[in-house]
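What follows is the content of model.tsv (TSV, N, CA, C and O atoms).
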chain	number	residue	atom	x	y	z
A	917	MET	N	0.46	1.74	-0.52
A	917	MET	CA	0.20	0.55	-1.30
A	917	MET	C	-0.18	0.98	-2.72
A	917	MET	O	-1.02	1.84	-2.90
A	918	PRO	N	0.44	0.38	-3.74
A	918	PRO	CA	0.12	0.77	-5.11
A	918	PRO	C	-1.30	0.37	-5.49
A	918	PRO	O	-1.89	-0.52	-4.89
A	919	PRO	N	-1.87	1.02	-6.50
A	919	PRO	CA	-3.22	0.67	-6.94
A	919	PRO	C	-3.29	-0.79	-7.37
A	919	PRO	O	-2.28	-1.41	-7.72
A	920	MET	N	-4.51	-1.32	-7.35
A	920	MET	CA	-4.72	-2.73	-7.65
A	920	MET	C	-4.14	-3.11	-9.01
A	920	MET	O	-3.57	-4.19	-9.16
A	921	SER	N	-4.25	-2.26	-10.01
A	921	SER	CA	-3.80	-2.60	-11.35
A	921	SER	C	-2.28	-2.69	-11.46
A	921	SER	O	-1.77	-3.31	-12.37
A	922	GLN	N	-1.55	-2.10	-10.52
A	922	GLN	CA	-0.09	-2.11	-10.59
A	922	GLN	C	0.53	-3.24	-9.78
A	922	GLN	O	1.73	-3.45	-9.86
A	923	ARG	N	-0.26	-3.95	-8.99
A	923	ARG	CA	0.29	-5.04	-8.19
A	923	ARG	C	0.40	-6.31	-9.02
A	923	ARG	O	-0.37	-6.55	-9.93
A	924	HIS	N	1.34	-7.14	-8.67
A	924	HIS	CA	1.55	-8.40	-9.37
A	924	HIS	C	0.34	-9.32	-9.15
A	924	HIS	O	-0.16	-9.42	-8.02
A	925	PRO	N	-0.14	-9.97	-10.20
A	925	PRO	CA	-1.33	-10.83	-10.06
A	925	PRO	C	-1.17	-11.94	-9.02
A	925	PRO	O	-2.13	-12.26	-8.31
A	926	VAL	N	0.01	-12.50	-8.90
A	926	VAL	CA	0.21	-13.56	-7.92
A	926	VAL	C	0.06	-13.01	-6.50
A	926	VAL	O	-0.55	-13.63	-5.63
A	927	SER	N	0.59	-11.81	-6.29
A	927	SER	CA	0.47	-11.17	-4.98
A	927	SER	C	-1.00	-10.91	-4.64
A	927	SER	O	-1.44	-11.14	-3.51
A	928	ARG	N	-1.76	-10.44	-5.63
A	928	ARG	CA	-3.19	-10.18	-5.41
A	928	ARG	C	-3.93	-11.47	-5.08
A	928	ARG	O	-4.76	-11.50	-4.17
A	929	ILE	N	-3.63	-12.56	-5.78
A	929	ILE	CA	-4.31	-13.83	-5.53
A	929	ILE	C	-3.97	-14.35	-4.15
A	929	ILE	O	-4.85	-14.84	-3.42
A	930	ILE	N	-2.72	-14.22	-3.75
A	930	ILE	CA	-2.31	-14.67	-2.42
A	930	ILE	C	-3.04	-13.86	-1.34
A	930	ILE	O	-3.54	-14.41	-0.36
A	931	GLN	N	-3.12	-12.54	-1.54
A	931	GLN	CA	-3.80	-11.70	-0.56
A	931	GLN	C	-5.30	-11.98	-0.52
A	931	GLN	O	-5.90	-11.97	0.56
A	932	LEU	N	-5.90	-12.24	-1.67
A	932	LEU	CA	-7.32	-12.59	-1.70
A	932	LEU	C	-7.56	-13.90	-0.96
A	932	LEU	O	-8.51	-14.04	-0.18
A	933	THR	N	-6.69	-14.88	-1.20
A	933	THR	CA	-6.83	-16.17	-0.53
A	933	THR	C	-6.67	-16.01	0.98
A	933	THR	O	-7.45	-16.59	1.75
A	934	LEU	N	-5.70	-15.23	1.39
A	934	LEU	CA	-5.51	-14.98	2.82
A	934	LEU	C	-6.73	-14.27	3.41
A	934	LEU	O	-7.16	-14.59	4.52
A	935	GLY	N	-7.30	-13.32	2.67
A	935	GLY	CA	-8.50	-12.63	3.14
A	935	GLY	C	-9.66	-13.58	3.33
A	935	GLY	O	-10.39	-13.52	4.33
A	936	VAL	N	-9.86	-14.49	2.38
A	936	VAL	CA	-10.94	-15.47	2.50
A	936	VAL	C	-10.68	-16.39	3.69
A	936	VAL	O	-11.61	-16.71	4.46
A	937	LEU	N	-9.44	-16.82	3.88
A	937	LEU	CA	-9.11	-17.68	5.03
A	937	LEU	C	-9.37	-16.95	6.36
A	937	LEU	O	-9.84	-17.56	7.32
A	938	LEU	N	-9.07	-15.66	6.40
A	938	LEU	CA	-9.35	-14.90	7.62
A	938	LEU	C	-10.85	-14.80	7.88
A	938	LEU	O	-11.29	-14.89	9.03
A	939	LEU	N	-11.65	-14.64	6.82
A	939	LEU	CA	-13.10	-14.60	7.00
A	939	LEU	C	-13.63	-15.93	7.50
A	939	LEU	O	-14.50	-15.98	8.37
A	940	VAL	N	-13.10	-17.02	6.96
A	940	VAL	CA	-13.52	-18.36	7.42
A	940	VAL	C	-13.10	-18.55	8.88
A	940	VAL	O	-13.87	-19.06	9.70
A	941	GLY	N	-11.88	-18.10	9.21
A	941	GLY	CA	-11.42	-18.19	10.59
A	941	GLY	C	-12.29	-17.36	11.53
A	941	GLY	O	-12.57	-17.78	12.66
A	942	ALA	N	-12.74	-16.23	11.07
A	942	ALA	CA	-13.63	-15.38	11.89
A	942	ALA	C	-14.95	-16.09	12.15
A	942	ALA	O	-15.49	-16.02	13.25
A	943	ALA	N	-15.46	-16.78	11.13
A	943	ALA	CA	-16.72	-17.51	11.31
A	943	ALA	C	-16.54	-18.65	12.31
A	943	ALA	O	-17.44	-18.95	13.10
A	944	LEU	N	-15.37	-19.28	12.30
A	944	LEU	CA	-15.12	-20.37	13.24
A	944	LEU	C	-14.88	-19.87	14.66
A	944	LEU	O	-15.28	-20.50	15.63
A	945	LEU	N	-14.21	-18.72	14.79
A	945	LEU	CA	-13.92	-18.18	16.12
A	945	LEU	C	-15.06	-17.34	16.68
A	945	LEU	O	-15.05	-17.01	17.86
A	946	GLY	N	-16.01	-16.98	15.85
A	946	GLY	CA	-17.11	-16.13	16.29
A	946	GLY	C	-17.85	-16.62	17.52
A	946	GLY	O	-18.10	-15.84	18.44
A	947	PRO	N	-18.21	-17.90	17.58
A	947	PRO	CA	-18.96	-18.38	18.75
A	947	PRO	C	-18.14	-18.44	20.05
A	947	PRO	O	-18.70	-18.50	21.14
A	948	LEU	N	-16.82	-18.43	19.94
A	948	LEU	CA	-15.98	-18.51	21.13
A	948	LEU	C	-15.99	-17.17	21.87
A	948	LEU	O	-16.15	-16.12	21.27
A	949	PRO	N	-15.81	-17.20	23.18
A	949	PRO	CA	-15.78	-15.94	23.93
A	949	PRO	C	-14.55	-15.12	23.55
A	949	PRO	O	-13.50	-15.64	23.22
A	950	GLY	N	-14.73	-13.82	23.57
A	950	GLY	CA	-13.63	-12.91	23.24
A	950	GLY	C	-13.85	-12.30	21.88
A	950	GLY	O	-14.67	-12.73	21.09
A	951	PRO	N	-13.07	-11.26	21.59
A	951	PRO	CA	-13.26	-10.51	20.35
A	951	PRO	C	-12.43	-11.00	19.17
A	951	PRO	O	-12.31	-10.30	18.18
A	952	GLY	N	-11.84	-12.19	19.24
A	952	GLY	CA	-10.93	-12.65	18.19
A	952	GLY	C	-11.52	-12.65	16.80
A	952	GLY	O	-10.86	-12.29	15.82
A	953	GLY	N	-12.78	-13.06	16.67
A	953	GLY	CA	-13.40	-13.14	15.36
A	953	GLY	C	-13.56	-11.79	14.69
A	953	GLY	O	-13.48	-11.67	13.46
A	954	ILE	N	-13.76	-10.75	15.47
A	954	ILE	CA	-13.95	-9.41	14.91
A	954	ILE	C	-12.68	-8.95	14.20
A	954	ILE	O	-12.73	-8.40	13.09
A	955	PHE	N	-11.54	-9.19	14.81
A	955	PHE	CA	-10.28	-8.75	14.23
A	955	PHE	C	-9.94	-9.55	12.97
A	955	PHE	O	-9.43	-9.00	12.00
A	956	LEU	N	-10.23	-10.84	12.99
A	956	LEU	CA	-10.00	-11.65	11.80
A	956	LEU	C	-10.92	-11.19	10.67
A	956	LEU	O	-10.50	-11.11	9.51
A	957	PHE	N	-12.17	-10.91	10.99
A	957	PHE	CA	-13.11	-10.46	9.97
A	957	PHE	C	-12.66	-9.14	9.36
A	957	PHE	O	-12.67	-8.98	8.13
A	958	ALA	N	-12.24	-8.20	10.20
A	958	ALA	CA	-11.79	-6.89	9.69
A	958	ALA	C	-10.57	-7.05	8.80
A	958	ALA	O	-10.50	-6.45	7.72
A	959	GLY	N	-9.62	-7.86	9.23
A	959	GLY	CA	-8.42	-8.09	8.41
A	959	GLY	C	-8.75	-8.74	7.08
A	959	GLY	O	-8.21	-8.37	6.04
A	960	GLY	N	-9.64	-9.71	7.10
A	960	GLY	CA	-10.05	-10.38	5.86
A	960	GLY	C	-10.76	-9.42	4.92
A	960	GLY	O	-10.51	-9.42	3.71
A	961	MET	N	-11.64	-8.58	5.47
A	961	MET	CA	-12.35	-7.62	4.63
A	961	MET	C	-11.39	-6.61	4.01
A	961	MET	O	-11.52	-6.24	2.84
A	962	ILE	N	-10.41	-6.17	4.76
A	962	ILE	CA	-9.44	-5.22	4.23
A	962	ILE	C	-8.68	-5.83	3.06
A	962	ILE	O	-8.55	-5.22	2.00
A	963	LEU	N	-8.21	-7.05	3.24
A	963	LEU	CA	-7.47	-7.70	2.15
A	963	LEU	C	-8.34	-7.93	0.92
A	963	LEU	O	-7.90	-7.72	-0.21
A	964	ILE	N	-9.56	-8.34	1.13
A	964	ILE	CA	-10.44	-8.60	-0.01
A	964	ILE	C	-10.82	-7.30	-0.71
A	964	ILE	O	-10.78	-7.22	-1.94
A	965	LEU	N	-11.17	-6.26	0.04
A	965	LEU	CA	-11.56	-5.00	-0.59
A	965	LEU	C	-10.40	-4.32	-1.32
A	965	LEU	O	-10.61	-3.59	-2.28
A	966	ARG	N	-9.20	-4.54	-0.90
A	966	ARG	CA	-8.05	-3.93	-1.57
A	966	ARG	C	-7.64	-4.68	-2.82
A	966	ARG	O	-6.90	-4.14	-3.64
A	967	ASN	N	-8.09	-5.92	-2.97
A	967	ASN	CA	-7.60	-6.74	-4.07
A	967	ASN	C	-8.68	-7.26	-5.00
A	967	ASN	O	-8.37	-8.01	-5.93
A	968	SER	N	-9.93	-6.93	-4.80
A	968	SER	CA	-11.00	-7.47	-5.64
A	968	SER	C	-11.93	-6.36	-6.09
A	968	SER	O	-12.62	-5.73	-5.28
A	969	ARG	N	-11.96	-6.12	-7.39
A	969	ARG	CA	-12.86	-5.12	-7.94
A	969	ARG	C	-14.31	-5.52	-7.70
A	969	ARG	O	-15.17	-4.70	-7.40
A	970	TRP	N	-14.61	-6.82	-7.83
A	970	TRP	CA	-15.97	-7.33	-7.60
A	970	TRP	C	-16.43	-6.99	-6.18
A	970	TRP	O	-17.54	-6.51	-5.97
A	971	ALA	N	-15.57	-7.24	-5.20
A	971	ALA	CA	-15.92	-6.95	-3.81
A	971	ALA	C	-16.09	-5.45	-3.59
A	971	ALA	O	-16.97	-5.02	-2.82
A	972	GLN	N	-15.29	-4.63	-4.26
A	972	GLN	CA	-15.42	-3.18	-4.11
A	972	GLN	C	-16.76	-2.69	-4.62
A	972	GLN	O	-17.39	-1.82	-4.01
A	973	VAL	N	-17.23	-3.24	-5.74
A	973	VAL	CA	-18.53	-2.84	-6.29
A	973	VAL	C	-19.64	-3.25	-5.34
A	973	VAL	O	-20.56	-2.48	-5.05
A	974	ARG	N	-19.57	-4.47	-4.82
A	974	ARG	CA	-20.60	-4.94	-3.88
A	974	ARG	C	-20.59	-4.10	-2.61
A	974	ARG	O	-21.64	-3.78	-2.05
A	975	TRP	N	-19.41	-3.74	-2.15
A	975	TRP	CA	-19.28	-2.92	-0.94
A	975	TRP	C	-19.91	-1.55	-1.16
A	975	TRP	O	-20.60	-1.02	-0.29
A	976	ALA	N	-19.68	-0.97	-2.34
A	976	ALA	CA	-20.27	0.34	-2.64
A	976	ALA	C	-21.80	0.25	-2.64
A	976	ALA	O	-22.48	1.16	-2.15
A	977	ARG	N	-22.36	-0.83	-3.16
A	977	ARG	CA	-23.81	-1.01	-3.15
A	977	ARG	C	-24.34	-1.13	-1.72
A	977	ARG	O	-25.38	-0.56	-1.39
A	978	LEU	N	-23.63	-1.89	-0.90
A	978	LEU	CA	-24.06	-2.02	0.50
A	978	LEU	C	-24.00	-0.68	1.22
A	978	LEU	O	-24.89	-0.36	2.02
A	979	LYS	N	-22.97	0.11	0.93
A	979	LYS	CA	-22.85	1.42	1.58
A	979	LYS	C	-23.98	2.35	1.15
A	979	LYS	O	-24.45	3.16	1.93
A	980	ARG	N	-24.40	2.25	-0.10
A	980	ARG	CA	-25.53	3.08	-0.54
A	980	ARG	C	-26.81	2.68	0.15
A	980	ARG	O	-27.64	3.51	0.48
A	981	ARG	N	-26.96	1.39	0.40
A	981	ARG	CA	-28.19	0.92	1.05
A	981	ARG	C	-28.20	1.23	2.54
A	981	ARG	O	-29.22	1.59	3.10
A	982	TRP	N	-27.05	1.06	3.20
A	982	TRP	CA	-26.93	1.34	4.64
A	982	TRP	C	-25.78	2.32	4.85
A	982	TRP	O	-24.68	1.94	5.29
A	983	PRO	N	-26.00	3.60	4.59
A	983	PRO	CA	-24.89	4.56	4.62
A	983	PRO	C	-24.26	4.75	6.00
A	983	PRO	O	-23.06	4.94	6.11
A	984	ARG	N	-25.05	4.70	7.04
A	984	ARG	CA	-24.48	4.92	8.37
A	984	ARG	C	-23.49	3.81	8.73
A	984	ARG	O	-22.38	4.08	9.21
A	985	THR	N	-23.87	2.57	8.49
A	985	THR	CA	-22.99	1.44	8.79
A	985	THR	C	-21.77	1.46	7.88
A	985	THR	O	-20.65	1.23	8.33
A	986	GLY	N	-21.99	1.73	6.60
A	986	GLY	CA	-20.87	1.78	5.66
A	986	GLY	C	-19.86	2.84	6.03
A	986	GLY	O	-18.65	2.63	5.95
A	987	HIS	N	-20.36	4.00	6.47
A	987	HIS	CA	-19.46	5.08	6.87
A	987	HIS	C	-18.62	4.66	8.08
A	987	HIS	O	-17.41	4.88	8.12
A	988	LEU	N	-19.27	4.04	9.05
A	988	LEU	CA	-18.56	3.62	10.26
A	988	LEU	C	-17.48	2.59	9.93
A	988	LEU	O	-16.34	2.69	10.40
A	989	VAL	N	-17.80	1.63	9.09
A	989	VAL	CA	-16.82	0.60	8.73
A	989	VAL	C	-15.69	1.21	7.92
A	989	VAL	O	-14.51	0.87	8.14
A	990	ASP	N	-15.99	2.10	6.99
A	990	ASP	CA	-14.93	2.75	6.21
A	990	ASP	C	-13.98	3.53	7.11
A	990	ASP	O	-12.77	3.50	6.92
A	991	ARG	N	-14.53	4.25	8.07
A	991	ARG	CA	-13.68	5.00	9.00
A	991	ARG	C	-12.82	4.07	9.82
A	991	ARG	O	-11.64	4.33	10.06
A	992	THR	N	-13.41	2.95	10.26
A	992	THR	CA	-12.66	1.99	11.06
A	992	THR	C	-11.53	1.37	10.24
A	992	THR	O	-10.43	1.17	10.74
A	993	MET	N	-11.81	1.08	8.97
A	993	MET	CA	-10.80	0.47	8.11
A	993	MET	C	-9.82	1.51	7.56
A	993	MET	O	-8.86	1.16	6.88
A	994	ARG	N	-10.07	2.80	7.85
A	994	ARG	CA	-9.22	3.91	7.42
A	994	ARG	C	-9.04	3.91	5.91
A	994	ARG	O	-7.94	4.11	5.39
A	995	ARG	N	-10.15	3.69	5.20
A	995	ARG	CA	-10.10	3.71	3.75
A	995	ARG	C	-9.85	5.15	3.28
A	995	ARG	O	-10.40	6.09	3.83
A	996	PRO	N	-9.02	5.34	2.27
A	996	PRO	CA	-8.69	6.69	1.80
A	996	PRO	C	-9.93	7.50	1.40
A	996	PRO	O	-10.00	8.69	1.66
A	997	SER	N	-10.90	6.84	0.79
A	997	SER	CA	-12.10	7.58	0.38
A	997	SER	C	-12.85	8.10	1.60
A	997	SER	O	-13.38	9.21	1.58
A	998	ALA	N	-12.90	7.32	2.66
A	998	ALA	CA	-13.60	7.76	3.87
A	998	ALA	C	-12.85	8.92	4.52
A	998	ALA	O	-13.46	9.87	5.01
A	999	LEU	N	-11.54	8.86	4.51
A	999	LEU	CA	-10.75	9.94	5.10
A	999	LEU	C	-10.93	11.24	4.31
A	999	LEU	O	-11.04	12.32	4.89
A	1000	ARG	N	-10.99	11.14	2.97
A	1000	ARG	CA	-11.22	12.33	2.15
A	1000	ARG	C	-12.59	12.92	2.42
A	1000	ARG	O	-12.74	14.14	2.55
A	1001	ARG	N	-13.62	12.07	2.49
A	1001	ARG	CA	-14.97	12.56	2.75
A	1001	ARG	C	-15.05	13.24	4.12
A	1001	ARG	O	-15.67	14.29	4.27
A	1002	HIS	N	-14.41	12.65	5.10
A	1002	HIS	CA	-14.42	13.22	6.45
A	1002	HIS	C	-13.74	14.59	6.46
A	1002	HIS	O	-14.26	15.54	7.05
A	1003	ALA	N	-12.59	14.71	5.79
A	1003	ALA	CA	-11.88	15.99	5.74
A	1003	ALA	C	-12.71	17.04	5.00
A	1003	ALA	O	-12.77	18.21	5.41
A	1004	ARG	N	-13.39	16.64	3.92
A	1004	ARG	CA	-14.23	17.57	3.17
A	1004	ARG	C	-15.40	18.06	4.01
A	1004	ARG	O	-15.72	19.25	4.03
A	1005	ARG	N	-16.06	17.14	4.74
A	1005	ARG	CA	-17.18	17.54	5.61
A	1005	ARG	C	-16.72	18.49	6.71
A	1005	ARG	O	-17.39	19.46	7.04
A	1006	ARG	N	-15.56	18.20	7.29
A	1006	ARG	CA	-15.03	19.05	8.35
A	1006	ARG	C	-14.75	20.46	7.80
A	1006	ARG	O	-15.07	21.46	8.44
A	1007	ALA	N	-14.18	20.54	6.60
A	1007	ALA	CA	-13.89	21.85	6.00
A	1007	ALA	C	-15.18	22.60	5.70
A	1007	ALA	O	-15.26	23.82	5.90
A	1008	GLU	N	-16.22	21.89	5.23
A	1008	GLU	CA	-17.50	22.54	4.95
A	1008	GLU	C	-18.13	23.08	6.23
A	1008	GLU	O	-18.66	24.18	6.24
A	1009	ARG	N	-18.06	22.29	7.30
A	1009	ARG	CA	-18.61	22.75	8.58
A	1009	ARG	C	-17.88	23.98	9.10
A	1009	ARG	O	-18.50	24.91	9.61
A	1010	GLN	N	-16.56	23.99	8.98
A	1010	GLN	CA	-15.79	25.14	9.43
A	1010	GLN	C	-16.10	26.37	8.59
A	1010	GLN	O	-16.15	27.48	9.12
A	1011	ALA	N	-16.30	26.19	7.29
A	1011	ALA	CA	-16.61	27.33	6.42
A	1011	ALA	C	-17.98	27.90	6.77
A	1011	ALA	O	-18.19	29.12	6.74
A	1012	ARG	N	-18.95	27.04	7.11
A	1012	ARG	CA	-20.29	27.51	7.48
A	1012	ARG	C	-20.29	28.23	8.81
A	1012	ARG	O	-21.05	29.16	9.02
A	1013	SER	N	-19.44	27.81	9.74
A	1013	SER	CA	-19.42	28.41	11.07
A	1013	SER	C	-18.74	29.77	11.10
A	1013	SER	O	-18.87	30.52	12.05
A	1014	ARG	N	-18.01	30.10	10.07
A	1014	ARG	CA	-17.29	31.40	10.03
A	1014	ARG	C	-18.18	32.50	9.63
A	1014	ARG	O	-19.08	32.76	9.23

Just give me the structure as structure tokens.
Amino acid sequence: MPPMSQRHPVSRIIQLTLGVLLLVGAALLGPLPGPGGIFLFAGGMILILRNSRWAQVRWARLKRRWPRTGHLVDRTMRRPSALRRHARRRAERQARSR
């Protein structure tokens, strides 16, 4: 996926709107039995974080405040930054064990 600045503005707005609708749908499906709301919430968060600089800044602040939870969510969402950090930590651990 190209960086946010290279995507067409209409495409970004459509994806942001879809992300918000998925979050609203997750809130509505949350009380119902089953895991449906979790998947809608994750999909909505992915779309919003990929298309909104404001949301990315807020997300970074939340991750600094609660690093364990932020790390888990980043790994689950397979964010490139989380994958790079994981690979770097793994390489550091292997270098120390040698």

(message) With DSSP run on the backbone, what are the helix (DSSP H, G or I) residues within chain A? I'd like them as a ChimeraX atom specification.
(response) /A:920-922,925-945,952-967,969-981,983-993,996-1013

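The interatomic distance for the pair atom N of A:Ser1013 and atom O of A:Pro996 works out to 22.8 Å.
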
(message) Quick one: residues within 5 Å of stretch 950-963 of chain A, only N, CA, C and O atoms, excluding same-chain residues fewer than 3 positions away - as a ChimeraX atom specification?
(response) /A:931,935,938-939,942,945-946,966-967

(message) Restricting the calculation to only C-alpha atoms: of A:Arg1005, A:Arg928, A:Arg1000, A:Arg1014, which residue gets closest to A:Ile964?
(response) A:Arg928

(request) Could you check how far atom N of A:Ala943 sits from atom N of A:Arg923, in Å to one decimal? (result)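 Between atom N of A:Ala943 and atom N of A:Arg923 the gap works out to 28.3 Å.
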
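Reported to one decimal place, the separation of atom CA of A:Ala1003 from atom O of A:Pro983 is 15.7 Å.
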
As AutoDock Vina command-line options, please: the centre and edge lengths in Å, to one decimal, of an axis-aligned box enclosing every listed atom of stretch 961-973 of chain A with 4 Å added on each side.
--center_x -13.7 --center_y -5.2 --center_z -1.2 --size_x 21.7 --size_y 14.8 --size_z 21.4

(request) Considering all atoms listed in the file, state which residue in the set A:Val973, A:Pro947, A:Ala998, A:Gln922 is at the smallest distance from A:Gly986. (result)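 Checking each of A:Val973, A:Pro947, A:Ala998, A:Gln922 against A:Gly986, counting all atoms listed in the file, the winner is A:Ala998.
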